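Read through the structure below, which is laid out as structure tokens, and then see the notes.
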Amino acid sequence: MKNLNKINIVLFMLCTAFGFAQQTPGPKQTKDFAIVGATAHIGNGTVIENSIIVVSNGKITTIGPETTTPLTKQSMTIIDAKDKHVYPGFIVANGTLGLVEVDAVKASDDLSELGTFNPHIRSIIAYNTESKVTESMRPNGVLLGQVVPRGGRISGTSSVVQYDAWNWEDAAIKLDNGIHVNWPSSFRRGRWWLGEERGLKPNKDYAKQVKELNDYFTESKSYSNGDKTERHLPYEAMIGLFDGSKHLYINANDEKSITDAVNLAKSQGVSKITIVGGYQASNITSFLKQNDISVFLTRVHSRPEQEDDDYDYAFKQAKILVDAGILVALEPSGQMERMNSRNLPFYAGTTVAHGLTKAQALQLITQNPAKIMGIDDSYGTLEVGKSATLFISEGDALDMRTNILTKAFIDGRPVSLETHQTKLWKRYSEKPNQVD
């Protein structure tokens, strides 16, 4: 009986594995192809009507108007995209796709580590290329993303990946290029379960928590300048912040926290700084501009947090920051962040309804995050010499009604747009026809 049970368990696991297998990554490009006739949204503010895009060895070799761009059709595959639109692959900033599959299943959760200061924790080695959640992003044009750890005061390092790979080594575009800090809040909510009054109140431990963080930076810098006879992996991971090879991402939302965080980082010699969340960032645009601080802006589809905030505060904040000359990208964090990453283009579309042009909104999820993450030499825009990571949509990709992908490519490789969700949709869409 015991052996029979073991056999049943093995068979169940095999059936589960085959029934829910990830789509096989696309093969490396072997033949040149051209996308002809589409409206090309370059990602840098430029739009080319009736365009030609030629791709060879995973790179864009030609892009321009059809009327003035020569094309030798005999030597390549032609993709007719007349009346359609071409976009660079959308990029998820501050995401956790691939780190958690099912929140209720602890074994599938690699989101955070124990401890307070974990700059040496590498999120990339926990990234799951078989994630069905990640797979479901591609049909909306989300093809790249930042894999970010959570938890602690310093969460760890993030890497940038593309969403069609056999393993994390194949997926990686830029390794361990950012360290993520959770800045202490200057206010906290009353713990009603301990008898405290509800609502916001000053955080009495704020100064102490900031000092602890400052001391950690100081100790790390001292280590980087020392002889390093005894290795200290956490301090070693921090060295990149001081020599400019790593980016510092600080999760902070209120004005005081943002200001204090930037001042501390600058005083420690950190040059590459991005505020993540930045709920009140639009109140201190001059300060951010003066210090050359970029912002991963909190989810656009959010409600006001303060009683005196405008009802559309989150919707129009991107417009305020862009007009102030600040480099802004959108991020989907918050409740159900991984699932909501697929709505990234629609968050950008919402900013159009609140002041930005469509070209500016597109930059929030293409060129701008690529610049901040340091991958803009190859990704983020459709330009000669850059990666052919792009997709073809039947209509405006920032509008959920017309974001209908027909083809997608990552580094010139064709990407499957089939997911477990599309399979279920097809299956159940046939059910009404089978009812007597």
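Residues are referred to by chain and number: the chain letter is A, B, ... according to the order shown in the structure tokens, the number counts from 1 in that chain, and ligands are numbered separately from 1 in the order shown.
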Please provide as a CSV table (one decimal) with C-alpha atoms, in the first residue's frame all residues within 12 Å of segment 265-267 of chain A, with the sequence filter that same-chain residues fewer than 3 positions apart are discarded (counting only C-alpha atoms).
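And here is the file that came out, out-v3.csv:
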```csv
chain,number,residue,atom,x,y,z
A,181,VAL,CA,16.6,50.5,1.3
A,183,TRP,CA,13.6,54.2,4.8
A,210,VAL,CA,18.0,56.9,10.7
A,213,LEU,CA,21.2,53.4,8.8
A,214,ASN,CA,23.8,56.1,8.6
A,215,ASP,CA,26.1,54.2,10.8
A,216,TYR,CA,25.8,51.2,8.5
A,217,PHE,CA,26.7,53.3,5.5
A,218,THR,CA,29.7,54.7,7.4
A,221,LYS,CA,32.5,52.8,3.5
A,241,LEU,CA,27.2,52.5,-4.0
A,242,PHE,CA,30.4,54.5,-3.2
A,247,HIS,CA,22.3,52.3,-7.9
A,248,LEU,CA,20.6,53.1,-4.6
A,249,TYR,CA,16.8,52.7,-4.5
A,250,ILE,CA,15.1,54.2,-1.4
A,258,ILE,CA,12.5,61.7,1.1
A,259,THR,CA,14.5,64.8,2.0
A,260,ASP,CA,16.3,63.0,4.8
A,261,ALA,CA,17.0,60.0,2.7
A,262,VAL,CA,18.5,62.0,-0.2
A,270,VAL,CA,26.2,58.0,-3.2
A,271,SER,CA,25.7,59.5,-6.7
A,272,LYS,CA,22.9,57.3,-8.3
A,273,ILE,CA,19.7,57.7,-6.3
A,274,THR,CA,16.1,56.8,-7.0
A,275,ILE,CA,13.1,57.4,-4.7
A,291,ASN,CA,19.9,66.8,-6.5
A,292,ASP,CA,19.3,64.9,-9.8
A,293,ILE,CA,17.0,62.4,-8.1
```
List every residue of segment 37-112 of chain A that has an atom at most 6 Å from any atom of segment 141-158 of chain A, giving for each one its closest atom pair and the distance in Å to one decimal, counting only C-alpha atoms, sorted by chain and then by ascending residue number, as JSON lines.
```
{"residue": "A:Gly89", "atom": "CA", "partner": "A:Leu143", "partner_atom": "CA", "distance": 5.2}
{"residue": "A:Phe90", "atom": "CA", "partner": "A:Val142", "partner_atom": "CA", "distance": 4.5}
{"residue": "A:Ile91", "atom": "CA", "partner": "A:Leu144", "partner_atom": "CA", "distance": 4.7}
{"residue": "A:Val92", "atom": "CA", "partner": "A:Gly145", "partner_atom": "CA", "distance": 4.3}
{"residue": "A:Ala93", "atom": "CA", "partner": "A:Gln146", "partner_atom": "CA", "distance": 5.4}
{"residue": "A:Asn94", "atom": "CA", "partner": "A:Gln146", "partner_atom": "CA", "distance": 5.7}
{"residue": "A:Gly95", "atom": "CA", "partner": "A:Val147", "partner_atom": "CA", "distance": 5.5}
{"residue": "A:Thr96", "atom": "CA", "partner": "A:Val147", "partner_atom": "CA", "distance": 5.2}
{"residue": "A:Leu111", "atom": "CA", "partner": "A:Pro149", "partner_atom": "CA", "distance": 5.6}
{"residue": "A:Ser112", "atom": "CA", "partner": "A:Arg150", "partner_atom": "CA", "distance": 5.0}
```
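In this comparison, which uses only C-alpha atoms, the residue of A:Gly374, A:Gly355, A:Gly37, A:Gly395 approaching Ile78 of chain A most closely is A:Gly37.
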Contacts of Ile392 of chain A at 9 Å (only C-alpha atoms; same-chain gap of 5+ positions) as a list in words: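 Skipping anything fewer than 5 positions along the chain leaves Ile35, Ala38, Ala81, Lys84, His85, Val86, Tyr87, Gly141, Ile404, Leu405, Thr406, Lys407, Ala408 and Phe409 of chain A.
Counting only C-alpha atoms, segment 413-419 of chain A has the following residues at most 6 Å away, ignoring those fewer than 6 positions along the same chain: Gly26, Pro27, Lys28, Gln29, Ser136 and Pro139 of chain A.
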What's the 9 Å shell around Thr61 of chain A, counting only C-alpha atoms, without same-chain residues fewer than 5 positions away, as a list in words?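 Answer for this query is Ile53, Val54, Val55, Ser56, Glu383, Val384, Gly385 and Lys386 of chain A.
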Determine which residues of segment 41-197 of chain A DSSP labels as strand (DSSP E) from the backbone of this structure, then write them out as number ranges by chain. A: 41, 47-48, 51-56, 59-65, 77-80, 85-88, 90-95, 142-147, 154-162, 172-182, 187-189
Write out as a VMD selection string all residues of segment 321-408 of chain A that DSSP puts in alpha helix (DSSP H) for this structure's backbone. chain A and resid 321 to 323 337 to 340 344 to 352 358 to 363 367 to 373
Kindly save the residues from that selection, with N, CA and C atoms included, as a PDB file, in the first residue's frame.
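Output file out08.pdb is given in full below:
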```pdb
ATOM      1  N   LEU A 321       5.628  65.857 -11.923  1.00  0.00           N
ATOM      2  CA  LEU A 321       7.048  65.525 -11.864  1.00  0.00           C
ATOM      3  C   LEU A 321       7.720  65.677 -13.226  1.00  0.00           C
ATOM      4  N   VAL A 322       7.061  65.222 -14.281  1.00  0.00           N
ATOM      5  CA  VAL A 322       7.633  65.345 -15.632  1.00  0.00           C
ATOM      6  C   VAL A 322       7.805  66.809 -16.009  1.00  0.00           C
ATOM      7  N   ASP A 323       6.804  67.627 -15.707  1.00  0.00           N
ATOM      8  CA  ASP A 323       6.888  69.061 -16.013  1.00  0.00           C
ATOM      9  C   ASP A 323       8.021  69.732 -15.243  1.00  0.00           C
ATOM     10  N   GLU A 337       0.751  43.331  -6.161  1.00  0.00           N
ATOM     11  CA  GLU A 337       1.702  43.984  -7.073  1.00  0.00           C
ATOM     12  C   GLU A 337       2.056  43.121  -8.266  1.00  0.00           C
ATOM     13  N   ARG A 338       2.315  41.823  -8.042  1.00  0.00           N
ATOM     14  CA  ARG A 338       2.723  40.967  -9.161  1.00  0.00           C
ATOM     15  C   ARG A 338       1.617  40.848 -10.195  1.00  0.00           C
ATOM     16  N   MET A 339       0.389  40.634  -9.744  1.00  0.00           N
ATOM     17  CA  MET A 339      -0.721  40.525 -10.684  1.00  0.00           C
ATOM     18  C   MET A 339      -0.945  41.853 -11.415  1.00  0.00           C
ATOM     19  N   ASN A 340      -0.765  42.959 -10.715  1.00  0.00           N
ATOM     20  CA  ASN A 340      -1.031  44.261 -11.310  1.00  0.00           C
ATOM     21  C   ASN A 340       0.079  44.740 -12.248  1.00  0.00           C
ATOM     22  N   LEU A 344       0.579  47.683 -16.220  1.00  0.00           N
ATOM     23  CA  LEU A 344       1.534  48.777 -16.360  1.00  0.00           C
ATOM     24  C   LEU A 344       1.196  49.713 -17.521  1.00  0.00           C
ATOM     25  N   PRO A 345       0.908  49.186 -18.727  1.00  0.00           N
ATOM     26  CA  PRO A 345       0.575  50.111 -19.826  1.00  0.00           C
ATOM     27  C   PRO A 345      -0.678  50.929 -19.574  1.00  0.00           C
ATOM     28  N   PHE A 346      -1.599  50.394 -18.786  1.00  0.00           N
ATOM     29  CA  PHE A 346      -2.846  51.109 -18.540  1.00  0.00           C
ATOM     30  C   PHE A 346      -2.666  52.173 -17.459  1.00  0.00           C
ATOM     31  N   TYR A 347      -1.701  51.955 -16.557  1.00  0.00           N
ATOM     32  CA  TYR A 347      -1.329  53.023 -15.631  1.00  0.00           C
ATOM     33  C   TYR A 347      -0.776  54.203 -16.429  1.00  0.00           C
ATOM     34  N   ALA A 348       0.083  53.886 -17.403  1.00  0.00           N
ATOM     35  CA  ALA A 348       0.632  54.946 -18.249  1.00  0.00           C
ATOM     36  C   ALA A 348      -0.474  55.639 -19.022  1.00  0.00           C
ATOM     37  N   GLY A 349      -1.439  54.869 -19.505  1.00  0.00           N
ATOM     38  CA  GLY A 349      -2.559  55.451 -20.227  1.00  0.00           C
ATOM     39  C   GLY A 349      -3.370  56.402 -19.374  1.00  0.00           C
ATOM     40  N   THR A 350      -3.492  56.108 -18.087  1.00  0.00           N
ATOM     41  CA  THR A 350      -4.235  56.976 -17.179  1.00  0.00           C
ATOM     42  C   THR A 350      -3.561  58.341 -17.053  1.00  0.00           C
ATOM     43  N   THR A 351      -2.220  58.361 -17.088  1.00  0.00           N
ATOM     44  CA  THR A 351      -1.518  59.653 -16.984  1.00  0.00           C
ATOM     45  C   THR A 351      -1.789  60.533 -18.197  1.00  0.00           C
ATOM     46  N   VAL A 352      -2.148  59.924 -19.327  1.00  0.00           N
ATOM     47  CA  VAL A 352      -2.505  60.709 -20.517  1.00  0.00           C
ATOM     48  C   VAL A 352      -3.803  61.465 -20.270  1.00  0.00           C
ATOM     49  N   LYS A 358       0.777  61.098 -25.063  1.00  0.00           N
ATOM     50  CA  LYS A 358       0.963  59.646 -25.160  1.00  0.00           C
ATOM     51  C   LYS A 358       2.441  59.297 -25.266  1.00  0.00           C
ATOM     52  N   ALA A 359       3.204  60.142 -25.946  1.00  0.00           N
ATOM     53  CA  ALA A 359       4.640  59.899 -26.067  1.00  0.00           C
ATOM     54  C   ALA A 359       5.318  59.987 -24.705  1.00  0.00           C
ATOM     55  N   GLN A 360       4.934  60.971 -23.896  1.00  0.00           N
ATOM     56  CA  GLN A 360       5.509  61.102 -22.553  1.00  0.00           C
ATOM     57  C   GLN A 360       5.109  59.926 -21.670  1.00  0.00           C
ATOM     58  N   ALA A 361       3.859  59.506 -21.777  1.00  0.00           N
ATOM     59  CA  ALA A 361       3.377  58.389 -20.970  1.00  0.00           C
ATOM     60  C   ALA A 361       4.114  57.104 -21.335  1.00  0.00           C
ATOM     61  N   LEU A 362       4.364  56.902 -22.624  1.00  0.00           N
ATOM     62  CA  LEU A 362       5.094  55.715 -23.062  1.00  0.00           C
ATOM     63  C   LEU A 362       6.498  55.690 -22.480  1.00  0.00           C
ATOM     64  N   GLN A 363       7.119  56.852 -22.387  1.00  0.00           N
ATOM     65  CA  GLN A 363       8.471  56.923 -21.828  1.00  0.00           C
ATOM     66  C   GLN A 363       8.515  56.457 -20.376  1.00  0.00           C
ATOM     67  N   GLN A 367      11.642  54.078 -22.038  1.00  0.00           N
ATOM     68  CA  GLN A 367      12.943  54.751 -21.998  1.00  0.00           C
ATOM     69  C   GLN A 367      13.373  55.133 -20.582  1.00  0.00           C
ATOM     70  N   ASN A 368      12.459  55.694 -19.804  1.00  0.00           N
ATOM     71  CA  ASN A 368      12.831  56.195 -18.474  1.00  0.00           C
ATOM     72  C   ASN A 368      13.300  55.096 -17.514  1.00  0.00           C
ATOM     73  N   PRO A 369      12.543  53.989 -17.359  1.00  0.00           N
ATOM     74  CA  PRO A 369      13.067  52.934 -16.478  1.00  0.00           C
ATOM     75  C   PRO A 369      14.366  52.333 -17.003  1.00  0.00           C
ATOM     76  N   ALA A 370      14.514  52.270 -18.331  1.00  0.00           N
ATOM     77  CA  ALA A 370      15.764  51.754 -18.902  1.00  0.00           C
ATOM     78  C   ALA A 370      16.934  52.651 -18.521  1.00  0.00           C
ATOM     79  N   LYS A 371      16.725  53.969 -18.554  1.00  0.00           N
ATOM     80  CA  LYS A 371      17.779  54.907 -18.160  1.00  0.00           C
ATOM     81  C   LYS A 371      18.137  54.742 -16.687  1.00  0.00           C
ATOM     82  N   ILE A 372      17.133  54.679 -15.848  1.00  0.00           N
ATOM     83  CA  ILE A 372      17.374  54.587 -14.408  1.00  0.00           C
ATOM     84  C   ILE A 372      18.096  53.286 -14.057  1.00  0.00           C
ATOM     85  N   MET A 373      17.703  52.191 -14.702  1.00  0.00           N
ATOM     86  CA  MET A 373      18.306  50.894 -14.415  1.00  0.00           C
ATOM     87  C   MET A 373      19.649  50.690 -15.117  1.00  0.00           C
TER      88      MET A 373
END
```
Provide the atom CA of Thr68 of chain A to atom CA of Thr381 of chain A distance in Å, to one decimal place.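 Interatomic distance, atom CA of Thr68 of chain A to atom CA of Thr381 of chain A: 20.8 Å.
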I'd like the contact shell of Ile125 of chain A - 10 Å cut-off, only C-alpha atoms, skipping same-chain residues fewer than 2 positions apart - returned as a PyMOL selection string. chain A and resi 99+110+121-123+127-128+159+167-169
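Take the candidates A:Thr389, A:Asn44, A:Asn118, A:Ser257 and check each one against Asp411 of chain A using only C-alpha atoms; the shortest distance goes to A:Thr389.
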In Å to one decimal, how far is atom CA of Asn253 of chain A from atom CA of Leu114 of chain A?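 If I compute the distance from atom CA of Leu114 of chain A to atom CA of Asn253 of chain A, I get 24.0 Å.
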